[in-house]
Structures are given as C-alpha cells and as structure tokens.
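Visitor: Input file: upload.txt. Contents: compact mmCIF, C-alpha atoms.
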# COMPACT_ATOMS: atom_id res chain seq x y z
CA MET F 1 15.11 -46.31 4.47
CA ILE F 2 14.14 -47.52 1.04
CA GLN F 3 10.51 -47.31 2.16
CA ARG F 4 10.98 -43.65 3.13
CA VAL F 5 12.51 -42.76 -0.24
CA LEU F 6 9.74 -44.68 -1.94
CA SER F 7 6.98 -42.81 -0.10
CA LEU F 8 8.72 -39.50 -0.79
CA GLY F 9 8.80 -40.35 -4.48
CA ARG F 10 5.14 -41.33 -4.40
CA ARG F 11 4.27 -38.01 -2.72
CA GLY F 12 6.22 -36.13 -5.38
CA CYS F 13 4.49 -37.98 -8.19
CA ASP F 14 1.10 -37.21 -6.59
CA VAL F 15 1.90 -33.50 -6.44
CA LEU F 16 3.08 -33.43 -10.05
CA GLU F 17 0.02 -35.39 -11.17
CA ALA F 18 -2.32 -32.98 -9.37
CA LEU F 19 -0.54 -30.02 -10.98
CA GLY F 20 -0.90 -31.58 -14.41
CA ARG F 21 -4.55 -32.43 -13.84
CA SER F 22 -5.35 -28.94 -12.59
CA THR F 23 -3.64 -27.30 -15.57
CA LEU F 24 -5.57 -29.49 -18.02
CA PHE F 25 -8.69 -28.72 -16.01
CA LEU F 26 -8.05 -24.96 -16.27
CA ALA F 27 -7.39 -25.14 -20.00
CA GLN F 28 -10.49 -27.25 -20.67
CA SER F 29 -12.88 -25.18 -18.61
CA ALA F 30 -11.65 -21.66 -19.40
CA PHE F 31 -11.73 -21.81 -23.18
CA GLY F 32 -15.16 -22.99 -24.16
CA VAL F 33 -17.24 -21.33 -26.84
CA PRO F 34 -19.35 -18.72 -24.99
CA SER F 35 -23.08 -19.05 -25.49
CA ARG F 36 -26.14 -17.06 -24.43
CA GLU F 37 -26.79 -19.61 -21.75
CA GLY F 38 -23.20 -19.36 -20.50
CA TRP F 39 -23.57 -15.60 -20.25
CA TYR F 40 -26.48 -15.96 -17.80
CA LEU F 41 -24.61 -18.57 -15.79
CA TRP F 42 -21.67 -16.18 -15.57
CA LEU F 43 -23.97 -13.35 -14.51
CA ARG F 44 -25.38 -15.46 -11.72
CA GLN F 45 -21.90 -16.31 -10.44
CA MET F 46 -20.82 -12.67 -10.75
CA HIS F 47 -23.68 -11.84 -8.44
CA PHE F 48 -22.63 -14.50 -5.98
CA VAL F 49 -18.85 -14.00 -5.86
CA GLY F 50 -18.77 -10.29 -6.73
CA VAL F 51 -21.79 -8.36 -5.57
CA LEU F 52 -22.28 -10.35 -2.38
CA SER F 53 -18.57 -10.00 -1.46
CA LEU F 54 -18.80 -6.25 -1.90
CA ALA F 55 -19.88 -5.50 1.67
CA ILE F 56 -17.05 -7.30 3.46
CA VAL F 57 -14.41 -5.97 1.06
CA MET F 58 -15.62 -2.37 1.29
CA VAL F 59 -15.87 -2.39 5.09
CA SER F 60 -12.37 -3.90 5.41
CA GLY F 61 -11.05 -1.34 2.93
CA LEU F 62 -12.52 1.54 4.90
CA PHE F 63 -11.02 0.35 8.17
CA ILE F 64 -7.62 -0.47 6.67
CA GLY F 65 -7.42 2.99 5.10
CA MET F 66 -8.39 4.59 8.41
CA VAL F 67 -5.81 2.58 10.36
CA LEU F 68 -3.11 3.37 7.79
CA ALA F 69 -3.81 7.08 8.12
CA LEU F 70 -3.83 6.92 11.92
CA GLN F 71 -0.60 4.92 12.18
CA GLY F 72 1.08 6.87 9.39
CA TYR F 73 0.18 10.18 10.99
CA THR F 74 1.70 9.32 14.37
CA ILE F 75 4.97 8.33 12.67
CA LEU F 76 5.12 11.11 10.09
CA VAL F 77 4.24 13.90 12.53
CA ASP F 78 7.52 13.24 14.40
CA PHE F 79 9.40 14.32 11.29
CA GLY F 80 7.05 17.16 10.50
CA ALA F 81 6.11 15.30 7.32
CA GLU F 82 2.41 14.67 7.91
CA GLN F 83 1.81 16.32 4.52
CA ALA F 84 3.07 13.08 2.97
CA LEU F 85 0.19 11.12 4.53
CA GLY F 86 -1.79 11.03 1.28
CA GLN F 87 0.96 9.49 -0.76
CA MET F 88 1.77 6.99 1.97
CA VAL F 89 -1.83 5.81 2.23
CA ALA F 90 -2.36 5.72 -1.55
CA LEU F 91 0.89 3.97 -2.43
CA SER F 92 0.65 1.33 0.26
CA LEU F 93 -2.96 0.62 -0.68
CA LEU F 94 -2.50 0.59 -4.45
CA ARG F 95 0.74 -1.37 -4.54
CA GLU F 96 0.29 -3.89 -1.76
CA LEU F 97 -2.64 -3.88 0.57
CA SER F 98 -5.60 -3.75 -1.81
CA PRO F 99 -4.56 -6.62 -4.09
CA VAL F 100 -3.39 -8.83 -1.22
CA VAL F 101 -6.07 -8.19 1.39
CA ALA F 102 -8.90 -8.25 -1.16
CA ALA F 103 -7.57 -11.58 -2.50
CA LEU F 104 -7.34 -13.06 1.01
CA LEU F 105 -10.88 -11.94 1.85
CA PHE F 106 -12.07 -13.23 -1.51
CA ALA F 107 -10.48 -16.62 -0.84
CA GLY F 108 -12.26 -16.82 2.50
CA ARG F 109 -15.60 -15.43 1.38
CA ALA F 110 -16.04 -16.77 -2.16
CA GLY F 111 -13.33 -19.39 -2.72
CA SER F 112 -14.40 -21.65 0.15
CA ALA F 113 -18.03 -21.38 -0.94
CA LEU F 114 -17.13 -22.37 -4.53
CA THR F 115 -15.22 -25.41 -3.30
CA ALA F 116 -18.03 -26.53 -0.98
CA GLU F 117 -20.68 -26.02 -3.68
CA ILE F 118 -18.87 -27.96 -6.39
CA GLY F 119 -17.78 -30.57 -3.85
CA LEU F 120 -21.33 -31.22 -2.74
CA MET F 121 -22.42 -31.47 -6.38
CA LYS F 122 -19.76 -34.13 -6.83
CA ALA F 123 -20.68 -35.95 -3.60
CA THR F 124 -24.36 -36.10 -4.58
CA GLU F 125 -23.31 -37.23 -8.09
CA GLN F 126 -24.87 -34.26 -9.83
CA LEU F 127 -21.75 -33.86 -11.94
CA THR F 128 -21.94 -37.49 -13.11
CA SER F 129 -25.63 -37.09 -13.92
CA MET F 130 -24.84 -34.05 -16.03
CA GLU F 131 -22.31 -36.05 -17.99
CA MET F 132 -24.95 -38.78 -18.44
CA ILE F 133 -27.40 -36.38 -20.08
CA GLY F 134 -24.64 -34.92 -22.27
CA VAL F 135 -23.90 -31.67 -20.48
CA ASP F 136 -20.23 -30.94 -19.92
CA PRO F 137 -19.90 -30.02 -16.20
CA LEU F 138 -16.63 -28.21 -16.92
CA ARG F 139 -18.44 -25.78 -19.18
CA ARG F 140 -21.72 -25.68 -17.31
CA ILE F 141 -20.48 -25.52 -13.71
CA VAL F 142 -16.78 -24.68 -13.63
CA ALA F 143 -16.23 -22.19 -16.45
CA PRO F 144 -18.78 -19.54 -15.30
CA ARG F 145 -17.34 -19.65 -11.77
CA LEU F 146 -13.78 -19.32 -13.02
CA TRP F 147 -14.56 -16.36 -15.23
CA ALA F 148 -16.72 -14.68 -12.61
CA GLY F 149 -13.91 -14.86 -10.07
CA PHE F 150 -11.40 -13.59 -12.61
CA VAL F 151 -13.53 -10.52 -13.37
CA ALA F 152 -14.88 -9.89 -9.87
CA LEU F 153 -11.67 -9.74 -7.83
CA PRO F 154 -9.98 -6.89 -9.78
CA LEU F 155 -13.22 -4.89 -9.50
CA LEU F 156 -13.34 -5.56 -5.77
CA THR F 157 -9.69 -4.48 -5.52
CA ILE F 158 -10.48 -1.15 -7.19
CA GLY F 159 -13.32 -0.64 -4.73
CA PHE F 160 -11.02 -1.53 -1.85
CA SER F 161 -8.46 1.11 -2.93
CA VAL F 162 -11.05 3.82 -3.44
CA VAL F 163 -12.76 3.22 -0.10
CA GLY F 164 -9.39 2.88 1.67
CA ILE F 165 -8.09 6.17 0.28
CA TYR F 166 -11.33 7.83 1.29
CA GLY F 167 -11.02 6.27 4.78
CA GLY F 168 -7.51 7.70 5.02
CA TYR F 169 -8.94 11.06 4.01
CA LEU F 170 -11.60 10.85 6.73
CA VAL F 171 -9.09 10.16 9.49
CA GLY F 172 -6.17 12.22 8.19
CA VAL F 173 -7.96 15.33 6.97
CA GLU F 174 -11.28 15.45 8.78
CA TRP F 175 -10.11 14.16 12.13
CA LEU F 176 -6.35 14.75 12.51
CA GLY F 177 -6.27 17.98 10.54
CA VAL F 178 -3.82 17.33 7.69
CA PHE F 179 -4.29 20.04 5.06
CA GLU F 180 -6.69 18.72 2.42
CA GLY F 181 -4.76 20.16 -0.52
CA SER F 182 -1.53 18.47 0.47
CA TYR F 183 -3.31 15.13 1.07
CA TRP F 184 -4.57 14.99 -2.52
CA GLY F 185 -1.75 16.99 -4.09
CA ASN F 186 1.11 14.89 -2.74
CA MET F 187 -0.85 11.80 -3.68
CA GLN F 188 -1.28 12.97 -7.26
CA SER F 189 2.35 13.95 -7.67
CA SER F 190 3.69 10.63 -6.42
CA VAL F 191 1.22 8.04 -7.75
CA ALA F 192 1.89 6.95 -11.33
CA PHE F 193 -1.11 5.58 -13.20
CA ILE F 194 0.67 2.79 -15.08
CA GLY F 195 3.38 2.14 -12.52
CA ASP F 196 1.24 2.00 -9.39
CA VAL F 197 -2.44 1.62 -10.29
CA GLY F 198 -1.70 -0.57 -13.33
CA ASN F 199 0.75 -2.86 -11.56
CA GLY F 200 -1.66 -3.24 -8.67
CA MET F 201 -4.33 -4.32 -11.16
CA ILE F 202 -1.97 -6.85 -12.77
CA LYS F 203 -1.26 -8.29 -9.32
CA SER F 204 -4.96 -8.47 -8.61
CA MET F 205 -5.69 -10.30 -11.89
CA VAL F 206 -2.98 -12.86 -11.15
CA PHE F 207 -4.41 -13.40 -7.66
CA ALA F 208 -7.93 -13.67 -9.06
CA LEU F 209 -6.89 -16.39 -11.47
CA VAL F 210 -4.94 -18.32 -8.83
CA VAL F 211 -7.58 -18.10 -6.09
CA THR F 212 -10.55 -19.12 -8.25
CA TRP F 213 -8.53 -21.79 -9.99
CA ILE F 214 -7.52 -23.35 -6.66
CA ALA F 215 -11.10 -23.08 -5.37
CA VAL F 216 -12.84 -24.75 -8.31
CA PHE F 217 -10.12 -27.37 -8.75
CA GLN F 218 -10.24 -28.36 -5.08
CA GLY F 219 -14.01 -28.69 -5.38
CA TYR F 220 -13.84 -30.74 -8.57
CA ASP F 221 -11.01 -32.98 -7.44
CA LEU F 222 -12.03 -33.84 -3.87
CA ILE F 223 -12.91 -37.22 -2.38
CA PRO F 224 -16.73 -37.16 -2.41
CA THR F 225 -17.42 -37.66 1.28
CA SER F 226 -18.37 -35.16 3.95
CA GLU F 227 -14.85 -35.34 5.35
CA GLY F 228 -13.41 -34.82 1.87
CA ILE F 229 -15.49 -31.68 1.40
CA SER F 230 -14.37 -30.22 4.71
CA ARG F 231 -10.74 -30.99 3.92
CA ALA F 232 -10.99 -29.51 0.44
CA THR F 233 -12.59 -26.32 1.77
CA THR F 234 -9.79 -25.91 4.30
CA ARG F 235 -7.20 -26.62 1.61
CA THR F 236 -8.73 -23.96 -0.64
CA VAL F 237 -8.32 -21.24 1.96
CA VAL F 238 -4.83 -22.38 3.05
CA TYR F 239 -3.44 -22.92 -0.43
CA SER F 240 -4.87 -19.75 -1.92
CA SER F 241 -3.67 -17.60 0.99
CA LEU F 242 -0.17 -19.04 0.73
CA ALA F 243 -0.18 -18.70 -3.06
CA VAL F 244 -1.32 -15.08 -2.85
CA LEU F 245 1.33 -14.11 -0.31
CA GLY F 246 4.11 -15.97 -2.11
CA LEU F 247 3.18 -14.66 -5.54
CA ASP F 248 2.88 -11.18 -4.09
CA PHE F 249 6.54 -11.24 -3.14
CA VAL F 250 7.58 -12.48 -6.59
CA LEU F 251 5.42 -9.91 -8.40
CA THR F 252 6.61 -7.08 -6.15
CA ALA F 253 10.22 -8.05 -6.78
CA VAL F 254 9.62 -8.01 -10.54
CA MET F 255 7.56 -4.78 -10.59
CA PHE F 256 9.14 -2.58 -7.94
CA GLY F 257 12.39 -4.37 -7.10
CA GLY F 258 14.36 -2.55 -9.76
CA PHE F 259 15.38 -5.59 -11.81
CA SER F 260 14.94 -4.15 -15.24
CA MET N 261 -32.98 -20.24 -17.22
CA LYS N 262 -34.90 -17.71 -15.23
CA ARG N 263 -32.94 -14.62 -14.39
CA SER N 264 -34.05 -12.02 -11.93
CA LYS N 265 -33.89 -8.34 -12.77
CA THR N 266 -32.43 -7.43 -9.37
CA MET N 267 -29.52 -9.76 -9.92
CA GLU N 268 -28.76 -8.29 -13.33
CA LEU N 269 -29.08 -4.83 -11.86
CA GLY N 270 -26.74 -5.74 -9.04
CA VAL N 271 -24.05 -7.09 -11.37
CA GLY N 272 -24.45 -4.11 -13.67
CA LEU N 273 -24.08 -1.64 -10.82
CA PHE N 274 -21.10 -3.61 -9.50
CA MET N 275 -19.27 -3.38 -12.81
CA LEU N 276 -20.19 0.26 -13.21
CA ALA N 277 -18.82 0.94 -9.73
CA GLY N 278 -15.59 -0.77 -10.80
CA VAL N 279 -15.24 1.47 -13.84
CA LEU N 280 -16.02 4.58 -11.79
CA GLY N 281 -13.49 3.49 -9.18
CA MET N 282 -10.85 3.11 -11.89
CA LEU N 283 -11.67 6.62 -13.10
CA PHE N 284 -11.30 7.93 -9.54
CA LEU N 285 -7.92 6.20 -9.20
CA GLY N 286 -6.83 7.64 -12.51
CA LEU N 287 -7.98 11.22 -12.18
CA ARG N 288 -8.09 11.94 -8.49
CA VAL N 289 -5.36 9.68 -7.10
CA SER N 290 -2.72 9.53 -9.81
CA GLY N 291 -3.56 12.93 -11.26
CA LEU N 292 -3.80 11.91 -14.90
CA THR N 293 -4.62 14.79 -17.20
CA PHE N 294 -5.64 14.54 -20.79
CA ASN N 295 -3.29 17.15 -22.18
CA MET N 296 -2.95 17.16 -25.92
CA PRO N 297 0.68 17.06 -27.10
CA GLY N 298 0.28 20.59 -28.44
CA ASP N 299 -0.50 21.97 -25.00
CA THR N 300 3.14 22.02 -23.90
CA PHE N 301 6.50 23.09 -25.22
CA ARG N 302 10.01 21.84 -24.48
CA LEU N 303 12.98 23.60 -22.94
CA GLU N 304 16.36 22.24 -21.93
CA ALA N 305 18.52 23.31 -19.02
CA ASN N 306 22.03 22.16 -18.09
CA PHE N 307 22.91 21.87 -14.43
CA ALA N 308 26.30 21.12 -12.86
CA ASN N 309 24.58 19.06 -10.15
CA ILE N 310 20.94 18.07 -9.99
CA GLY N 311 21.02 16.67 -6.45
CA SER N 312 18.09 14.29 -6.19
CA LEU N 313 15.84 15.85 -8.85
CA LYS N 314 13.69 13.19 -10.48
CA PRO N 315 11.65 12.96 -13.67
CA ARG N 316 8.05 14.15 -13.11
CA ALA N 317 9.30 16.80 -10.66
CA ARG N 318 7.44 20.11 -10.74
CA VAL N 319 8.62 23.21 -12.59
CA THR N 320 7.37 26.34 -10.89
CA MET N 321 7.39 30.04 -11.45
CA SER N 322 6.72 32.26 -8.40
CA GLY N 323 5.59 29.06 -6.70
CA VAL N 324 2.94 28.25 -9.31
CA THR N 325 3.36 24.93 -11.10
CA VAL N 326 3.84 25.60 -14.82
CA GLY N 327 5.25 22.27 -16.04
CA ARG N 328 7.10 19.07 -15.35
CA VAL N 329 10.56 17.56 -15.76
CA THR N 330 10.23 14.89 -18.46
CA ALA N 331 13.78 13.51 -18.69
CA ILE N 332 17.20 13.83 -17.12
CA GLU N 333 20.33 12.65 -18.92
CA LEU N 334 24.08 13.15 -18.82
CA ASP N 335 25.43 15.55 -21.44
CA PRO N 336 28.58 13.72 -22.62
CA GLU N 337 30.09 16.89 -24.06
CA TRP N 338 30.22 18.96 -20.89
CA TYR N 339 29.76 16.19 -18.31
CA ASP N 340 26.82 17.94 -16.73
CA ALA N 341 23.16 17.01 -16.42
CA ARG N 342 20.76 17.93 -19.21
CA VAL N 343 17.24 18.32 -17.85
CA ILE N 344 14.32 18.38 -20.30
CA LEU N 345 11.37 20.49 -19.16
CA GLU N 346 7.85 20.51 -20.49
CA LEU N 347 6.05 23.79 -19.88
CA ASP N 348 2.51 25.01 -20.47
CA ALA N 349 2.03 26.27 -24.01
CA GLU N 350 0.73 29.63 -22.83
CA LEU N 351 4.29 30.50 -21.71
CA GLU N 352 5.74 29.82 -25.16
CA GLY N 353 7.36 32.97 -26.53
CA ARG N 354 6.85 34.81 -23.24
CA LEU N 355 9.97 33.71 -21.34
CA ALA N 356 12.99 36.01 -21.80
CA ARG N 357 16.22 34.48 -23.10
CA ASP N 358 17.99 35.21 -19.80
CA THR N 359 15.42 33.32 -17.69
CA THR N 360 17.17 31.49 -14.84
CA ALA N 361 16.40 28.00 -13.60
CA ALA N 362 17.28 26.91 -10.05
CA ILE N 363 16.84 23.57 -8.32
CA LEU N 364 15.01 24.24 -5.06
CA THR N 365 13.92 22.04 -2.18
CA ALA N 366 10.44 22.00 -0.68
CA GLY N 367 11.04 22.19 3.07
CA LEU N 368 14.14 20.86 4.76
CA LEU N 369 13.81 17.24 3.63
CA GLY N 370 11.19 17.64 0.92
CA GLU N 371 11.30 16.81 -2.77
CA GLN N 372 13.33 18.90 -5.20
CA TYR N 373 11.78 20.97 -7.95
CA ILE N 374 12.82 23.59 -10.48
CA GLY N 375 12.04 27.26 -10.01
CA LEU N 376 12.12 29.61 -13.01
CA THR N 377 12.75 33.35 -12.70
CA VAL N 378 12.14 35.61 -15.67
CA GLY N 379 14.87 38.00 -16.87
CA GLY N 380 14.66 41.21 -18.87
CA ASP N 381 16.02 40.22 -22.26
CA PRO N 382 13.89 41.33 -25.23
CA ASP N 383 14.53 37.99 -27.02
CA MET N 384 12.23 35.15 -26.04
CA LEU N 385 12.90 31.42 -25.56
CA ALA N 386 11.33 29.21 -28.21
CA ASP N 387 10.47 25.49 -28.29
CA GLY N 388 13.62 23.36 -27.85
CA ASP N 389 15.87 26.18 -26.61
CA THR N 390 18.31 25.80 -23.72
CA ILE N 391 18.24 27.85 -20.54
CA ARG N 392 21.83 29.07 -20.03
CA ASP N 393 21.67 30.60 -16.60
CA THR N 394 21.15 27.80 -14.07
CA GLN N 395 21.75 27.28 -10.38
CA SER N 396 22.57 23.78 -9.11
CA ALA N 397 20.94 21.90 -6.30
CA LEU N 398 21.95 22.57 -2.76
CA VAL N 399 23.90 19.51 -1.62
CA LEU N 400 23.94 19.24 2.16
CA GLU N 401 27.37 17.57 2.31
CA GLU N 402 29.00 20.42 0.37
CA LEU N 403 27.38 22.97 2.68
CA ILE N 404 28.65 21.16 5.75
CA GLN N 405 32.12 20.91 4.20
CA GLN N 406 32.19 24.65 3.56
CA PHE N 407 30.97 25.34 7.08
CA VAL N 408 33.63 23.09 8.60
CA SER N 409 36.45 24.57 6.49
CA ASN N 410 35.33 28.08 7.47
CA MET N 411 35.38 27.07 11.13
CA VAL N 412 38.91 25.69 10.76
CA SER N 413 40.24 28.82 9.02
CA ASP N 414 38.79 31.14 11.67
What's the structure tokens form of this structure?
Guide:
Amino acid sequence: MIQRVLSLGRRGCDVLEALGRSTLFLAQSAFGVPSREGWYLWLRQMHFVGVLSLAIVMVSGLFIGMVLALQGYTILVDFGAEQALGQMVALSLLRELSPVVAALLFAGRAGSALTAEIGLMKATEQLTSMEMIGVDPLRRIVAPRLWAGFVALPLLTIGFSVVGIYGGYLVGVEWLGVFEGSYWGNMQSSVAFIGDVGNGMIKSMVFALVVTWIAVFQGYDLIPTSEGISRATTRTVVYSSLAVLGLDFVLTAVMFGGFS
Amino acid sequence: MKRSKTMELGVGLFMLAGVLGMLFLGLRVSGLTFNMPGDTFRLEANFANIGSLKPRARVTMSGVTVGRVTAIELDPEWYDARVILELDAELEGRLARDTTAAILTAGLLGEQYIGLTVGGDPDMLADGDTIRDTQSALVLEELIQQFVSNMVSD
C-alpha cells in the first residue's frame, strides 16, 4: 500500500519536474537575441515545417470544405434553408475545423519530424559537441524550429480556411446549385472579422505554440537510444493531439461560450 | 551558411499566400468594408417589440440594403426598444420626417431586418433624429394566440 502511494508520488514529482524543465526550456530558447545567422536558420525551418506542409494541409482543407458543403446541403435542403450553406461552411471552418485539423495535421507532419530530428542529434551527441565548441544548441537548433512552427501554423490555418471555403463553393454552388449570391452574401452577413476570423487565428497561434513546444521538448528531453526516439516521436503526436483537442474546448468555451 | 534561392522564394511565397488568404477572409468572407466614419449617418427608431432583431442586421429600402443596425437598447423612459440605425450618407436629408420603419422577416424562418418606407412630409430627417412611425416584429406566438381566440369566439 505504502509502496503504491510512494510510486504515485514519484510519478507526480516526475510530471511536475518535466513541466518545470519544459517551461524553462521554452523561456531559454524562445527569447534569444536574433542574429543574421538565426534569421537564415529560421528561414530554413520555415521551408521545412511550413512550405513542405502546404500540400497536405491544402488538400485536406479542400476535401473537408467539400464534405461540409455536401453534408450541410442534404440537411439544410430539408428545411428549405440551403441558402445558409455559405455561412455554415464558413463559420464551422473558421471557428473550429481549420485551427484544429490544421494543428493535428501539423503535429503529424512536422511535429514528429522535429522530435525525430532533434532526438537523433542528441543520440549521436551532436548537441553535446555543439556545447563543447561553444554553440548554444537551444539557440542554434531549438529556437529557429520553435519560431518557425509558431509562424507557420497560423499561415497554414488561413490557407486551410480559404481552400475549404472555396471547396464548399465548388460543391455547393457549382455542383448542387445553391445560388452563388446567397452563398457569399449570407457568409458575409454572418461572419464577423474580429469575432470569427480573429478568434480562429488566436486559437491557431495557441495550438502552434503548444504543438511545436511539445515537439521540440520531446526531442530535446528523450532518452538517447533508438527506442527512446521512437517513444518520443509517438509521445509528440499523442500529447499534441490531446493538448490541441483539450485546449480547443477551453478556448471555445471562453470565446463563444458566452461567459463575458 | 549557404542558402538556396528557391528556398527563400518558397518561404516568401508561403508568407505572401498567408497575407493574401487573410485579405480574402477579411474582404470576401467576413465582408469588411473600409467605410470612412463620414460615409454614414445615424437614425433612431423605437419599437414596442423587436422580436429577434440583432445588431448588424440589414436596413433595407424597397429591398435594397441601405444600412445596418448598430445597437439595440432598452429605452427606460417608455420601456420599449431603441434601435440605432446607420444609413448610407447619400440618404441624409432625403428621407421624409414621416418615414416608417418595420421589422420584417426574410422567409418563414429567416433572419429579421428593418424595412424603411418613405412618406410624403416636406421636412426631412437629419442625423440623430428618431423615426416615430414604427411597426413591431411579427411574433409567431401572438399570431397563434389571436388565431386561437378568433376560432373560440366564432
């Protein structure tokens, strides 16, 4: 019995310690003095996590917008309200689907790769060698990746929304025959720029920070063996997906739940 | 560090696409317009019952959108709803003093909006004036009640 309580306490201490370490880690790596060199490193990471994730995010956005329009149409047409298709597609994309689905895809596409990359650097003692020659691996390796993820995911989310709304237009207007004017007009009268687009962007920035933070911390903090790398990569995807979905509920409750 | 031009170009295009996407969301999806404050003028209208009229609802005249509802508040003096309208500046000084405002519904279950009908008074409404002649929203429950009481009395 005592042993159980003891191991529970040890587990709790471990969790708290990891939280503390990761917060220190975030603070140390995010706020370095930017240099010309750091700018190029950031650019390189932007290319890797942003530009190369563009294809998967855009294709998913297109299909999700098309499915939304198709499903929404079959429900709305029963009430003779298929004119409201535009606002349904736009609001569900801007408020919920774009930030969440883009963050989940980003965690799978870029987050796992960041963890594996940094983890392998640690396993092959590249990070230690950097420290030996006087280069801070937090600033050289971690900071550009953190900032690139933080900038790239909101941009990807915008792209997701735009492509999704256009996908909804393709299915709803071009295929199912909703009147084009009411698709855009109802959308414009019901979508608020600050309230819907802006809050979606805030969500996306929070997710970007959380996902990249988890990814680089898991890579930096893993046990440097091949098994450790595989476990850390899995943990990155699991933890960031759970964090995104949980935080999404909290943020939605604060933004749209009417507690004000 | 060696940097390749294609990579820089890719990142640049990516960020540009993000900015353009934001513009699309702003202008095309949420219908932002860059109206100067001077482009509109304010009118007030008191209604006995606004139904489910909401801020940002349309104000129309002969079906053409000419403005928006900016605020709805309770008038504590008369216990009715004071609705603040913002109309296009080109209508300023061209609406007769006996213009009527009615709360209408788009379709059977659609959103509610305000319809203006011009009167024949030689005096014109100016910025900040109140529309006196108003017609409240159609509340379905009241209609049903009237219908039922008529049935009973027959």
Visitor: If you measure from atom CA of F:Ile158 to atom CA of F:Gly257, what distance in Å do you get, rounded to one decimal?
Guide: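 Computed distance, atom CA of F:Ile158 to atom CA of F:Gly257, equals 23.1 Å.
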Visitor: Set out as a tab-separated table a contact list for chain N and chain F with a cut-off of 8 Å, giving each residue of chain N that qualifies its closest atom pair and distance in Å to one decimal, counting all atoms listed in the file, ordered by chain and rising residue number.
Guide:
residue	atom	partner	partner_atom	distance
N:Met261	CA	F:Glu37	CA	7.7
N:Arg263	CA	F:Tyr40	CA	7.4
N:Met267	CA	F:His47	CA	6.4
N:Glu268	CA	F:Leu43	CA	7.1
N:Gly270	CA	F:Val51	CA	6.6
N:Val271	CA	F:His47	CA	5.6
N:Phe274	CA	F:Val51	CA	6.2
N:Met275	CA	F:Leu155	CA	7.1
N:Ala277	CA	F:Gly159	CA	7.6
N:Gly278	CA	F:Leu155	CA	4.9
N:Val279	CA	F:Leu155	CA	8.0
N:Gly281	CA	F:Ile158	CA	5.9
N:Met282	CA	F:Ile158	CA	6.4
N:Phe284	CA	F:Val162	CA	7.4
N:Leu285	CA	F:Val162	CA	7.0
N:Gly286	CA	F:Phe193	CA	6.1
N:Arg288	CA	F:Gln188	CA	7.0
N:Val289	CA	F:Gln188	CA	5.2
N:Ser290	CA	F:Gln188	CA	4.5
N:Gly291	CA	F:Gln188	CA	4.6
N:Leu292	CA	F:Phe193	CA	7.1
N:Arg316	CA	F:Ser189	CA	7.9
Visitor: From the set F:Tyr169, F:Arg145, F:Leu97, F:Leu247, which residue has the shortest atom-to-atom contact distance to F:Gly38, counting all atoms listed in the file?
Guide: F:Arg145
Visitor: Could you pull the residues within 9 Å of N:Thr320, counting only C-alpha atoms, minus those fewer than 6 positions along the same chain, as a PyMOL selection string?
Guide: chain N and resi 326-328+373-376
Visitor: Tell me, in Å to one decimal, how far atom CA of F:Gln3 is from atom CA of F:Leu222.
Guide: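 Interatomic distance, atom CA of F:Gln3 to atom CA of F:Leu222: 26.9 Å.
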Visitor: Pick the closest to N:Val329 from N:Arg357, N:Asp299, N:Arg392, N:Gln372: which is it, counting all atoms listed in the file?
Guide: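 When distances to N:Val329 are compared using all atoms listed in the file, the smallest one comes from N:Gln372.
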Visitor: Give me the residues within 12 Å of N:Ile391 as a PyMOL selection string, counting all atoms listed in the file and dropping any in the same chain fewer than 4 places off.
Guide: chain N and resi 302-307+342-345+355-362+376-379+384-387+395
Visitor: Residues within 9 Å of N:Asn309, please, as a compact mmCIF listing (two decimals) with C-alpha atoms, in the coordinates of the input. Count only C-alpha atoms; anything in the same chain fewer than 3 positions from it doesn't count.
Guide:
# COMPACT_ATOMS: atom_id res chain seq x y z
CA ASN N 306 22.03 22.16 -18.09
CA SER N 312 18.09 14.29 -6.19
CA ASP N 340 26.82 17.94 -16.73
CA ALA N 341 23.16 17.01 -16.42
CA GLN N 395 21.75 27.28 -10.38
CA SER N 396 22.57 23.78 -9.11
CA ALA N 397 20.94 21.90 -6.30
CA LEU N 398 21.95 22.57 -2.76
CA VAL N 399 23.90 19.51 -1.62
